[in-house]
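Engineer: Before I ask anything, here is the structure I am working with.
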Amino acid sequence: MSANDPDFDLFRDYLERTCGIVLGDNKQYLVTSRLGRLLTQRGIRSLGELVRQVQQQPASGLRELVVDAMTTNETLWLRDGYPFEVLKSRLIPEFLASNPNGRLRIWSAACSSGQEPYSLSMAVDEFERANPGRLRGGVQIVASEISAGMLNAARAGCYDSLAMARGLSRERRDRYFDETKPGEWTIKPGIRNRVEFRQLNLLDSYSVLGRFDIVFCRNVLIYFSADVKKDILRRIHATLRPGGYLMLGASEALNGLPDLYSMVQCNPGVVYQAR
């Protein structure tokens, strides 16, 4: 497979227009390693030929395969820890103080293979165990992902031992999963049923999702250009109810948009409150 500069430039322009991912000048190896098998299977000899085929045959399923291959799906259970503690200790109690009988809605954007929304559901369960009867209106977690393959894996809620070992304590594993066969664990129905999965490109409209009290959009904005990132943050704000919260990744910051969000120190970490 050829990855000469014109072909690489053509492909990265296509990828940015399709799903917002920005590739640096030195990412040829990343692209060829992720797409090599797909191109060999399809008999495609270059990135330029790949782009032409995707554009000329939009119903072939090739676009979806390219997006699946190029979407980064690095994820952990309860990643970074503190966001889930802040959810239990601050965000849910604040919601209940003003909406004691309300239904709490949380959006997990770019949910990959499901670890984040299921972690959120576990955190909600832990809050309910410590505060029985307080979440009278219930909780809905909407989890979105661009990759159809990752979305299918997330819906299945089935993980091997390696995936289970990444951030999940034995206590939580035993409480929230069933070992369906040796080395394979499936999320329990009580945790799964709180989560609704939707396929969504963050470049598309969010109107079908409704309004939320809390949005988790973590470790995904780093892949977008500054302009696309700002556009996504504006549109996320439109989904938040007044006073709702946005949680970003530990290495991400909301620079600008002071008219839309206020930074709130949580010690550790920060959240952003919709104005």
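FYI, nothing fancy with the structure tokens labels: chains A, B, ... in order, residues from 1 per chain, ligands from 1 as they appear.
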Return as a Markdown table the residues of region 17-102 of chain A lying at most 10 Å from region 250-257 of chain A, together with the closest atom-to-atom pair for each and the distance in Å to one decimal, counting only C-alpha atoms, with rows in chain order and ascending residue number.

Structural biologist:
```
| residue | atom | partner | partner_atom | distance |
| --- | --- | --- | --- | --- |
| A:Arg79 | CA | A:Ala250 | CA | 9.3 |
| A:Asp80 | CA | A:Ala250 | CA | 7.3 |
| A:Tyr82 | CA | A:Ala250 | CA | 9.5 |
| A:Pro83 | CA | A:Ala250 | CA | 9.2 |
```

Engineer: Extract, using only C-alpha atoms, all DNA, RNA and protein residues at most 9 Å from region 37-41 of chain A, discarding same-chain residues fewer than 5 positions from it, and format them as a list in words.

Structural biologist: Met1, Thr32, Ser46, Leu47, Leu50, Leu65, Val66 and Ala69 of chain A

Engineer: Name the closest residue to Glu49 (chain A) among the candidates A:Asp174, A:Asp13, A:Asp7, A:Glu179; distances are taken between atoms, counting only C-alpha atoms.

Structural biologist: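 For Glu49 (chain A), the nearest of the given residues is A:Asp7.
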
Engineer: Mind dumping a table of every region 48-88 of chain A residue within 7 Å of region 115-127 of chain A, with the nearest atom pair and its distance in Å to one decimal, using only C-alpha atoms, sorted by chain and rising number, as CSV?

Structural biologist:
```
residue,atom,partner,partner_atom,distance
A:Thr75,CA,A:Gln115,CA,6.8
A:Leu76,CA,A:Gln115,CA,6.2
A:Trp77,CA,A:Gln115,CA,5.3
A:Leu78,CA,A:Ser119,CA,5.5
A:Phe84,CA,A:Ala123,CA,6.2
A:Lys88,CA,A:Phe127,CA,5.8
```

Engineer: If you keep N, CA and C atoms, can you produce a file of those selected residues as a CSV table (one decimal), in the first residue's frame?

Structural biologist:
```
chain,number,residue,atom,x,y,z
A,75,THR,N,-9.9,2.9,26.3
A,75,THR,CA,-10.8,3.2,27.3
A,75,THR,C,-10.6,2.3,28.6
A,76,LEU,N,-11.0,2.8,29.7
A,76,LEU,CA,-10.8,2.1,31.0
A,76,LEU,C,-12.1,2.2,31.8
A,77,TRP,N,-12.3,1.3,32.8
A,77,TRP,CA,-13.4,1.5,33.7
A,77,TRP,C,-13.1,2.6,34.7
A,78,LEU,N,-14.1,3.4,35.0
A,78,LEU,CA,-14.0,4.5,36.0
A,78,LEU,C,-12.7,5.3,35.7
A,84,PHE,N,-16.2,10.2,38.6
A,84,PHE,CA,-17.3,9.4,39.1
A,84,PHE,C,-17.6,9.7,40.6
A,88,LYS,N,-21.1,11.4,42.2
A,88,LYS,CA,-21.9,10.9,43.4
A,88,LYS,C,-21.9,11.9,44.5
```

Engineer: Give me the region 37-77 of chain A side of the contact with region 201-204 of chain A, cut-off 12 Å, one line per residue showing its nearest atom pair and distance in Å at one decimal, counting only C-alpha atoms, sorted by chain and residue number, as JSON lines.

Structural biologist:
```
{"residue": "A:Glu64", "atom": "CA", "partner": "A:Asn201", "partner_atom": "CA", "distance": 11.5}
{"residue": "A:Val67", "atom": "CA", "partner": "A:Asn201", "partner_atom": "CA", "distance": 10.4}
{"residue": "A:Thr71", "atom": "CA", "partner": "A:Asn201", "partner_atom": "CA", "distance": 11.3}
```

Engineer: List every residue of region 163-233 of chain A that DSSP, applied to the backbone of this structure, assigns to alpha helix (DSSP H), and report them as number ranges by chain.

Structural biologist: A: 163-164, 170-176, 189-192, 226-233

Engineer: Check the smallest atom-to-atom distance from each of A:Asp68, A:Ser98, A:Glu74, A:Lys229 to Arg166 (chain A) using only C-alpha atoms, then report the winner.

Structural biologist: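 Selected residue with least distance to Arg166 (chain A): A:Glu74.
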
Engineer: Within 10 Å of Cys158 (chain A), counting only C-alpha atoms, which residues qualify if same-chain residues fewer than 5 places away don't, as a PyMOL selection string?

Structural biologist: chain A and resi 113-114+153+163-164+177-180+184-188

Engineer: Excluding region 101-110 of chain A and any residue of its chain fewer than 4 positions from it, enumerate the residues within 6 Å of it, using only C-alpha atoms, and give them as a ChimeraX atom specification.

Structural biologist: /A:117,136-145,212-217

Engineer: Return the single residue from A:Pro93, A:Gly210, A:Asp9, A:Thr18 that is closest to Arg241 (chain A), with distances computed using only C-alpha atoms.

Structural biologist: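 So, comparing all the options, the nearest one is A:Gly210.
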
Engineer: Just list as a list in words whatever in region 159-215 of chain A DSSP marks as strand (DSSP E or B).

Structural biologist: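 Taking region 159-215 of chain A and keeping strand (DSSP E or B) gives Tyr159, Asp160, Phe177, Asp178, Glu179, Thr180, Lys181, Glu184, Trp185, Thr186, Ile187, Val195, Glu196, Phe197, Arg198, Gln199, Phe212, Asp213, Ile214 and Val215 of chain A.
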
Engineer: Tell me, in Å to one decimal, how far CA of Met150 (chain A) is from CA of Leu91 (chain A).

Structural biologist: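 We find that CA of Met150 (chain A) and CA of Leu91 (chain A) lie 28.2 Å from each other.
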
Engineer: When you look at Cys266 (chain A) with a cut-off of 10 Å (counting only C-alpha atoms), what residues show up, excluding the ones that are within fewer than 2 positions of it in the same chain? I need them as a short mmCIF file (atom, residue, chain, number, x, y, z; two decimals) with C-alpha atoms, in the first residue's frame.

Structural biologist:
```cif
data_model
loop_
_atom_site.label_atom_id
_atom_site.label_comp_id
_atom_site.auth_asym_id
_atom_site.auth_seq_id
_atom_site.Cartn_x
_atom_site.Cartn_y
_atom_site.Cartn_z
CA TYR A 82 -12.52 11.51 40.35
CA PRO A 83 -15.25 12.26 37.74
CA VAL A 86 -17.74 14.05 41.80
CA ARG A 90 -21.72 16.72 44.17
CA MET A 263 -15.37 26.50 35.52
CA VAL A 264 -16.12 24.91 38.89
CA PRO A 268 -9.63 17.18 42.59
CA GLY A 269 -10.60 18.07 39.05
CA VAL A 270 -12.93 20.60 37.51
CA VAL A 271 -16.33 20.58 35.84
#
```
